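Here the structure comes first, spelled out in structure tokens, and everything after it is commentary.
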Amino acid sequence: MAVKVIGTGSALPEKIVTNDDLAMIMDTSDEWIKERTGISKRRLSTGETVADLATAACERALEKAGKTAEEVELLIVATCTPEQLLPCVACQIQDRIAAKNAVAFDLNAACGGFLFALNTAYAYMSAGFYKTAVVVGAEVLSKIMDWEDRSTCVLFGDGAGAVVLEKREGIDGILGFVQQSDGAKGHVLSCGSRAVNNPYCKQEPLYPYVIMDGREVFQFAVRQVPACINQVLENLDMTIEDVDLFLLHQANARIIETIARRYKLPIDKFPMNISEYGNMSSACIPVLMDQLNREGELKEGMKLVLSGFGAGLTFGACTMIW
Ligand code: COA
């Protein structure tokens with residue numbers, strides 16, 4: 001009995017914003033952004049909401065999997081940028097696609113969110129609660145960027161990706177997970193929401209945009225991602241050479257290149273789409289997975305490692321047989 005990804009889907013806003021476009025509205029350049037991050041362009045919402053993008057990604061994944069919305073028993077959305085606090089994005093999707101038999105809820109582990117949501121679904125399914133699930137990573141990060149802060153706003157993009165999971169006899173699928181959190185380092189990547197404001201207490205409003213110590217985050221990523229990958233492989237008696245492809249969180253091409261160099265592996269084992277889309281937080285891994293799936297790059301039996309990291313701090317890795 002295994003839990004397997006049987007379908008993928010993604011959805012992106014239509015608006016493409018290049019580095020040169022940004023250079024027209026702030027003091028930056030294509031050269032600086034490309035050299036430091038590998039990003040050339042990103043998609044930004046011109047009105048598409050997290051629920052819009054997540055719903056479209058979900059529908060495409062279900063279509064690819066050959067499943068109907070009614071067959072979905074569990075629907076988890078990883079997001080840190082919902083437009084509405086209530087109801088959660090997963091319940092909005094449930095309503096829009098009429099997934100009336102699904103238990104639906106959101107999970108926020110920032111850029112680590114998709115992996116955390118995938119692990120949550122896997123745990124529920126392994127424990128026998130559900131047989132069919134959809135896991136979505138969806139963000140409209142552009143609304144939590146300070147567009148006066150060139151050191152953060154150029155890095156991020158908007159988008160959504162989804163996978164359909166099925167638990168079945170006689171298949172290969174997810175092999176294992178490693179998940180970790182380090183709340184003591186939460187300050188290196190943060191964003192405020194609402195302060196306490198009631199008849200008995202009025203706190204100062206919180207700063208509602210992303211604040212990041214880029215160098216700290218960079219160092220954390222190049223240390224923790226390999227540590228998680230090593231751990232998940234060791235748990236399964238696998239080695240780095242057993243892995244066909246590494247689908248890593250697309251935060252910075254230099255982070256991914258550093259990790260590939262440390263492992264002395266060719267960079268083409270680390271597919272990237274950051275140049276096109278920037279960092280879409282929880283949407284990065286499922287969008288990349290959908291792209292590779294639709295391009296026929298994921299062949300049955302391939303061994304994949306997924307690894308993500310982000311605010312929290314949260315980080316983790318997963319191995320699966322495609
Ligand atoms: N355009 C032009 N110049 C910029 C700029 C921009 N968009 N943003 C910052 N700069 C300037 C800075 O002001 C600084 O100028 P100064 O030296 O005159 O003070 C200079 O570029 C260097 O900035 P620095 O912060 O040292 O650059 P860096 O090499 O550390 O790269 C990041 C910055 C953010 C690209 C890099 O640290 C990074 O990618 N970190 C990881 C972030 C991440 O992955 N976050 C998401 C995690 S999920």
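Each chain in the structure tokens gets a letter, A, B, ..., in the order shown, and its residues are numbered from 1; ligands are numbered from 1 in order too.
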Residue set, segment 195-322 of chain A restricted to helix (DSSP H, G or I), as a PyMOL selection string: chain A and resi 214-235+240-242+253-262+267-269+274-277+281-294
List the spatial neighbours of Leu155 of chain A as a PyMOL selection string - criterion: any atom at most 9 Å away, only C-alpha atoms, same-chain residues fewer than 3 positions off excluded. chain A and resi 33+37+39+42+150-152+251-252+278-280
Quick one: residues within 12 Å of Ala61 of chain A, only C-alpha atoms, excluding same-chain residues fewer than 6 positions away - as number ranges by chain? A: 5-11, 54-55, 67-69, 72, 133-136, 160-165, 286-287, 289-291, 293-294
Counting only C-alpha atoms, closest pick from A:Met238, A:Ile171, A:Ile144, A:Ile259 relative to Glu300 of chain A is A:Ile171
Report the residues of segment 242-307 of chain A whose backbone DSSP state falls under strand (DSSP E), written as a PyMOL selection string. chain A and resi 245-248+303-307
Using only C-alpha atoms and all ligand atoms, determine which residues fall within 9 Å of ligand 1, then list them as number ranges by chain. A: 22-23, 26-33, 35-37, 110-112, 149-156, 189, 212-221, 249-255, 279-282, 308-311
Save out the residues we just selected, N, CA and C atoms, as a compact mmCIF listing (two decimals), in the first residue's frame.
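Generated file (out23.txt):
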```txt
# COMPACT_ATOMS: atom_id res chain seq x y z
N LEU A 22 10.74 46.14 -13.60
CA LEU A 22 10.93 46.61 -12.22
C LEU A 22 11.93 47.77 -12.17
N ALA A 23 12.95 47.69 -13.05
CA ALA A 23 13.97 48.76 -13.06
C ALA A 23 13.36 50.11 -13.45
N MET A 26 11.80 51.18 -9.79
CA MET A 26 12.63 51.23 -8.59
C MET A 26 14.11 51.17 -8.98
N ASP A 27 14.98 51.45 -8.00
CA ASP A 27 16.41 51.51 -8.27
C ASP A 27 16.98 50.09 -8.24
N THR A 28 16.82 49.38 -9.36
CA THR A 28 17.38 48.03 -9.48
C THR A 28 17.75 47.80 -10.94
N SER A 29 18.28 46.61 -11.25
CA SER A 29 18.65 46.33 -12.64
C SER A 29 18.49 44.84 -12.91
N ASP A 30 18.30 44.53 -14.19
CA ASP A 30 18.22 43.14 -14.62
C ASP A 30 19.50 42.40 -14.19
N GLU A 31 20.62 43.07 -14.38
CA GLU A 31 21.92 42.46 -14.07
C GLU A 31 22.00 42.07 -12.59
N TRP A 32 21.64 43.01 -11.69
CA TRP A 32 21.73 42.74 -10.25
C TRP A 32 20.84 41.56 -9.89
N ILE A 33 19.60 41.60 -10.33
CA ILE A 33 18.64 40.56 -9.91
C ILE A 33 19.07 39.19 -10.45
N GLU A 35 22.05 38.14 -11.50
CA GLU A 35 23.32 37.67 -10.93
C GLU A 35 23.15 37.15 -9.51
N ARG A 36 22.33 37.85 -8.68
CA ARG A 36 22.20 37.44 -7.28
C ARG A 36 21.20 36.33 -7.06
N THR A 37 20.24 36.18 -8.00
CA THR A 37 19.12 35.25 -7.71
C THR A 37 18.79 34.28 -8.83
N ALA A 110 4.66 28.75 5.52
CA ALA A 110 5.34 29.64 4.57
C ALA A 110 5.91 28.83 3.39
N CYS A 111 7.18 29.09 3.04
CA CYS A 111 7.74 28.43 1.85
C CYS A 111 7.93 26.92 2.07
N GLY A 112 7.92 26.49 3.33
CA GLY A 112 7.98 25.05 3.59
C GLY A 112 6.59 24.42 3.53
N ASP A 149 10.86 48.35 -0.93
CA ASP A 149 12.03 47.60 -0.45
C ASP A 149 12.55 46.69 -1.57
N ARG A 150 13.51 47.21 -2.30
CA ARG A 150 14.00 46.47 -3.48
C ARG A 150 14.70 45.17 -3.12
N SER A 151 15.16 45.05 -1.84
CA SER A 151 15.90 43.83 -1.48
C SER A 151 14.96 42.64 -1.28
N THR A 152 13.66 42.88 -1.14
CA THR A 152 12.73 41.75 -1.02
C THR A 152 11.76 41.64 -2.21
N CYS A 153 11.20 42.76 -2.65
CA CYS A 153 10.08 42.65 -3.61
C CYS A 153 10.48 42.06 -4.96
N VAL A 154 11.76 42.18 -5.33
CA VAL A 154 12.17 41.64 -6.64
C VAL A 154 12.26 40.11 -6.65
N LEU A 155 12.24 39.52 -5.44
CA LEU A 155 12.51 38.08 -5.34
C LEU A 155 11.28 37.19 -5.54
N PHE A 156 10.11 37.77 -5.33
CA PHE A 156 8.92 36.92 -5.20
C PHE A 156 7.95 37.03 -6.38
N LEU A 189 12.84 36.12 8.86
CA LEU A 189 11.90 36.25 7.74
C LEU A 189 10.49 36.35 8.34
N MET A 212 13.11 40.72 5.72
CA MET A 212 13.98 39.53 5.59
C MET A 212 15.44 39.89 5.76
N ASP A 213 16.16 39.04 6.50
CA ASP A 213 17.62 39.12 6.54
C ASP A 213 18.11 38.11 5.49
N GLY A 214 18.33 38.61 4.27
CA GLY A 214 18.63 37.74 3.13
C GLY A 214 19.83 36.84 3.34
N ARG A 215 20.89 37.42 3.93
CA ARG A 215 22.11 36.61 4.11
C ARG A 215 21.90 35.46 5.09
N GLU A 216 21.18 35.77 6.20
CA GLU A 216 20.87 34.72 7.20
C GLU A 216 20.06 33.59 6.55
N VAL A 217 19.06 34.00 5.74
CA VAL A 217 18.19 33.00 5.11
C VAL A 217 19.02 32.15 4.14
N PHE A 218 19.90 32.80 3.41
CA PHE A 218 20.76 32.09 2.46
C PHE A 218 21.60 31.04 3.20
N GLN A 219 22.24 31.46 4.29
CA GLN A 219 23.10 30.55 5.06
C GLN A 219 22.30 29.38 5.63
N PHE A 220 21.12 29.71 6.16
CA PHE A 220 20.23 28.68 6.73
C PHE A 220 19.87 27.65 5.65
N ALA A 221 19.54 28.14 4.46
CA ALA A 221 19.10 27.22 3.39
C ALA A 221 20.22 26.29 2.96
N HIS A 249 12.90 23.91 -3.33
CA HIS A 249 12.22 25.20 -3.26
C HIS A 249 13.02 26.23 -4.06
N GLN A 250 12.30 26.96 -4.91
CA GLN A 250 12.96 27.89 -5.84
C GLN A 250 13.08 29.29 -5.22
N ALA A 251 14.02 29.43 -4.27
CA ALA A 251 14.18 30.73 -3.62
C ALA A 251 15.28 31.54 -4.28
N ASN A 252 16.32 30.84 -4.72
CA ASN A 252 17.46 31.54 -5.30
C ASN A 252 18.29 30.49 -6.06
N ALA A 253 18.59 30.75 -7.33
CA ALA A 253 19.36 29.77 -8.12
C ALA A 253 20.72 29.52 -7.48
N ARG A 254 21.27 30.55 -6.82
CA ARG A 254 22.60 30.36 -6.18
C ARG A 254 22.52 29.37 -5.02
N ILE A 255 21.40 29.34 -4.31
CA ILE A 255 21.25 28.37 -3.22
C ILE A 255 21.26 26.96 -3.82
N ASN A 279 10.35 33.41 -6.63
CA ASN A 279 10.01 32.59 -5.48
C ASN A 279 8.51 32.72 -5.20
N MET A 280 7.77 31.64 -5.43
CA MET A 280 6.32 31.66 -5.19
C MET A 280 5.97 30.94 -3.89
N SER A 281 6.93 30.89 -2.96
CA SER A 281 6.71 30.29 -1.65
C SER A 281 6.14 28.87 -1.78
N SER A 282 5.03 28.59 -1.13
CA SER A 282 4.52 27.21 -1.10
C SER A 282 4.15 26.69 -2.48
N GLY A 308 12.08 21.74 0.84
CA GLY A 308 11.66 23.14 0.94
C GLY A 308 12.10 23.75 2.25
N PHE A 309 12.10 25.07 2.29
CA PHE A 309 12.47 25.79 3.51
C PHE A 309 11.83 27.17 3.47
N GLY A 310 11.63 27.74 4.62
CA GLY A 310 11.07 29.09 4.61
C GLY A 310 10.84 29.65 5.99
N ALA A 311 10.01 30.70 6.03
CA ALA A 311 9.77 31.42 7.28
C ALA A 311 9.24 30.46 8.32
```
Between atom CA of Lys303 of chain A and atom CA of Pro266 of chain A, what distance in Å does the model show, to one decimal? 15.9 Å
